[in-house]
Amino acid sequence: MNKAELIQALSEHYDGSKTEAAKALDAVVKTITYKTAAGEKVSITGFGVFEKVHRSARMVRNPRTGERKRAKATAVPRFRAGSDLKAYVSGAKKVPRTTAKKAATGNPAASKTAVTARKTVAKAPAKKAAPAKKTTANR
């Protein structure tokens, strides 16, 4: 899912208004970005934690040439998934059906995609073709 698809999905919570959904998404992303860059920890209960982590200077190796170089100390963003997100992704918790139904009924293209996705999952894997028989030429 890219940003445009996420805005489309969020617009259903804003009575179909894509502009309101885009504003909300931009506000959340900017807030998380700016607060994390400032060194604050942004924690969303059940979803995860965004934080700034210091990475110390170290020796690195170019895999192509084998040359060893010194990498400077830097700060990098880190995301740690929360317990609810982990449970949904692992399958320990089931994603509520009401959200999937709303997404499928709100947009005709989305419902067509959902039907197509269900069909592709239901198909059996294709069988491997038998190797071709070798023939010898009569001379």
# chains A, B, ... in the order shown; residues from 1 in each chain; ligands from 1
$ residues_around --residues "Thr45 of chain A" --least-positions-apart "4" --cutoff "12 Å" --atoms "only C-alpha atoms" --output "PyMOL selection string"
chain A and resi 49-50+80-85
$ select_by_dssp --residues "segment 47-93 of chain A" --states "helix (DSSP H, G or I)" --output "list in words"
Ser83, Asp84, Leu85, Lys86, Ala87, Tyr88, Val89 and Ser90 of chain A
$ write_last_selection --atoms "N, CA, C and O atoms" --output "mmCIF file, in the first residue's frame"
data_model
loop_
_atom_site.group_PDB
_atom_site.id
_atom_site.type_symbol
_atom_site.label_atom_id
_atom_site.label_comp_id
_atom_site.auth_asym_id
_atom_site.auth_seq_id
_atom_site.Cartn_x
_atom_site.Cartn_y
_atom_site.Cartn_z
ATOM 1 N N SER A 83 2.730 -4.628 20.654
ATOM 2 C CA SER A 83 2.188 -5.975 20.844
ATOM 3 C C SER A 83 0.976 -6.258 19.958
ATOM 4 O O SER A 83 0.851 -7.360 19.411
ATOM 5 N N ASP A 84 0.074 -5.290 19.795
ATOM 6 C CA ASP A 84 -1.101 -5.522 18.945
ATOM 7 C C ASP A 84 -0.712 -5.705 17.484
ATOM 8 O O ASP A 84 -1.212 -6.606 16.811
ATOM 9 N N LEU A 85 0.201 -4.879 16.984
ATOM 10 C CA LEU A 85 0.657 -4.997 15.601
ATOM 11 C C LEU A 85 1.324 -6.353 15.380
ATOM 12 O O LEU A 85 1.058 -7.036 14.387
ATOM 13 N N LYS A 86 2.150 -6.775 16.308
ATOM 14 C CA LYS A 86 2.804 -8.081 16.201
ATOM 15 C C LYS A 86 1.774 -9.208 16.179
ATOM 16 O O LYS A 86 1.905 -10.159 15.408
ATOM 17 N N ALA A 87 0.753 -9.101 17.026
ATOM 18 C CA ALA A 87 -0.261 -10.150 17.106
ATOM 19 C C ALA A 87 -1.071 -10.244 15.812
ATOM 20 O O ALA A 87 -1.361 -11.347 15.344
ATOM 21 N N TYR A 88 -1.430 -9.106 15.218
ATOM 22 C CA TYR A 88 -2.180 -9.130 13.955
ATOM 23 C C TYR A 88 -1.335 -9.686 12.819
ATOM 24 O O TYR A 88 -1.802 -10.470 12.004
ATOM 25 N N VAL A 89 -0.075 -9.286 12.753
ATOM 26 C CA VAL A 89 0.800 -9.731 11.671
ATOM 27 C C VAL A 89 1.098 -11.226 11.784
ATOM 28 O O VAL A 89 1.086 -11.943 10.793
ATOM 29 N N SER A 90 1.300 -11.711 13.003
ATOM 30 C CA SER A 90 1.630 -13.128 13.186
ATOM 31 C C SER A 90 0.418 -14.033 13.032
ATOM 32 O O SER A 90 0.568 -15.230 12.847
#
$ closest_residue --among "A:Ala92, A:Ala71, A:Ala4, A:Ala21" --to "Ala57 of chain A" --atoms "only C-alpha atoms"
A:Ala71
$ residues_around --residues "Lys72 of chain A" --least-positions-apart "6" --cutoff "12 Å" --atoms "only C-alpha atoms" --output "NGL selection string"
:A and (54-60)
$ write_last_selection --atoms "all heavy atoms" --output "tab-separated table (two decimals), in the first residue's frame"
chain	number	residue	atom	x	y	z
A	54	HIS	N	21.40	6.46	18.61
A	54	HIS	CA	22.77	6.86	18.26
A	54	HIS	C	23.53	5.63	17.79
A	54	HIS	O	23.54	4.60	18.46
A	54	HIS	CB	23.46	7.49	19.47
A	54	HIS	CG	24.88	7.86	19.19
A	54	HIS	ND1	25.22	8.94	18.43
A	54	HIS	CD2	26.04	7.27	19.54
A	54	HIS	CE1	26.54	9.01	18.34
A	54	HIS	NE2	27.06	8.00	19.02
A	55	ARG	N	24.17	5.74	16.64
A	55	ARG	CA	25.01	4.67	16.11
A	55	ARG	C	26.46	5.16	16.17
A	55	ARG	O	26.79	6.17	15.55
A	55	ARG	CB	24.62	4.33	14.68
A	55	ARG	CG	25.40	3.15	14.11
A	55	ARG	CD	24.98	2.82	12.71
A	55	ARG	NE	23.65	2.22	12.71
A	55	ARG	CZ	22.94	2.01	11.61
A	55	ARG	NH1	23.40	2.40	10.44
A	55	ARG	NH2	21.76	1.44	11.68
A	56	SER	N	27.29	4.46	16.92
A	56	SER	CA	28.66	4.91	17.11
A	56	SER	C	29.51	4.68	15.86
A	56	SER	O	29.12	3.95	14.96
A	56	SER	CB	29.29	4.17	18.31
A	56	SER	OG	29.23	2.78	18.09
A	57	ALA	N	30.68	5.31	15.85
A	57	ALA	CA	31.60	5.16	14.72
A	57	ALA	C	32.07	3.71	14.67
A	57	ALA	O	32.22	3.05	15.71
A	57	ALA	CB	32.79	6.09	14.89
A	58	ARG	N	32.30	3.20	13.46
A	58	ARG	CA	32.69	1.80	13.33
A	58	ARG	C	33.45	1.61	12.02
A	58	ARG	O	33.44	2.48	11.15
A	58	ARG	CB	31.48	0.89	13.39
A	58	ARG	CG	30.52	1.12	12.24
A	58	ARG	CD	29.14	0.55	12.54
A	58	ARG	NE	28.29	0.58	11.37
A	58	ARG	CZ	27.70	1.67	10.88
A	58	ARG	NH1	27.87	2.82	11.47
A	58	ARG	NH2	26.93	1.60	9.82
A	59	MET	N	34.03	0.45	11.88
A	59	MET	CA	34.72	0.09	10.64
A	59	MET	C	33.73	-0.68	9.77
A	59	MET	O	33.03	-1.58	10.25
A	59	MET	CB	35.94	-0.78	10.92
A	59	MET	CG	37.06	-0.05	11.65
A	59	MET	SD	37.70	1.38	10.76
A	59	MET	CE	38.53	0.60	9.41
A	60	VAL	N	33.65	-0.31	8.49
A	60	VAL	CA	32.76	-0.99	7.54
A	60	VAL	C	33.60	-1.49	6.37
A	60	VAL	O	34.72	-1.04	6.15
A	60	VAL	CB	31.63	-0.05	7.04
A	60	VAL	CG1	30.72	0.36	8.18
A	60	VAL	CG2	32.21	1.17	6.36
$ atom_distance --atom1 "atom CA of Phe79 of chain A" --atom2 "atom CA of Gly48 of chain A"
6.9 Å
$ atom_distance --atom1 "atom CA of Lys3 of chain A" --atom2 "atom CA of Asp26 of chain A"
10.0 Å
$ closest_residue --among "A:Lys94, A:Lys52, A:Val42, A:Arg64" --to "Arg78 of chain A" --atoms "only C-alpha atoms"
A:Lys52
$ atom_distance --atom1 "atom CA of Glu20 of chain A" --atom2 "atom CA of Ile7 of chain A"
9.1 Å
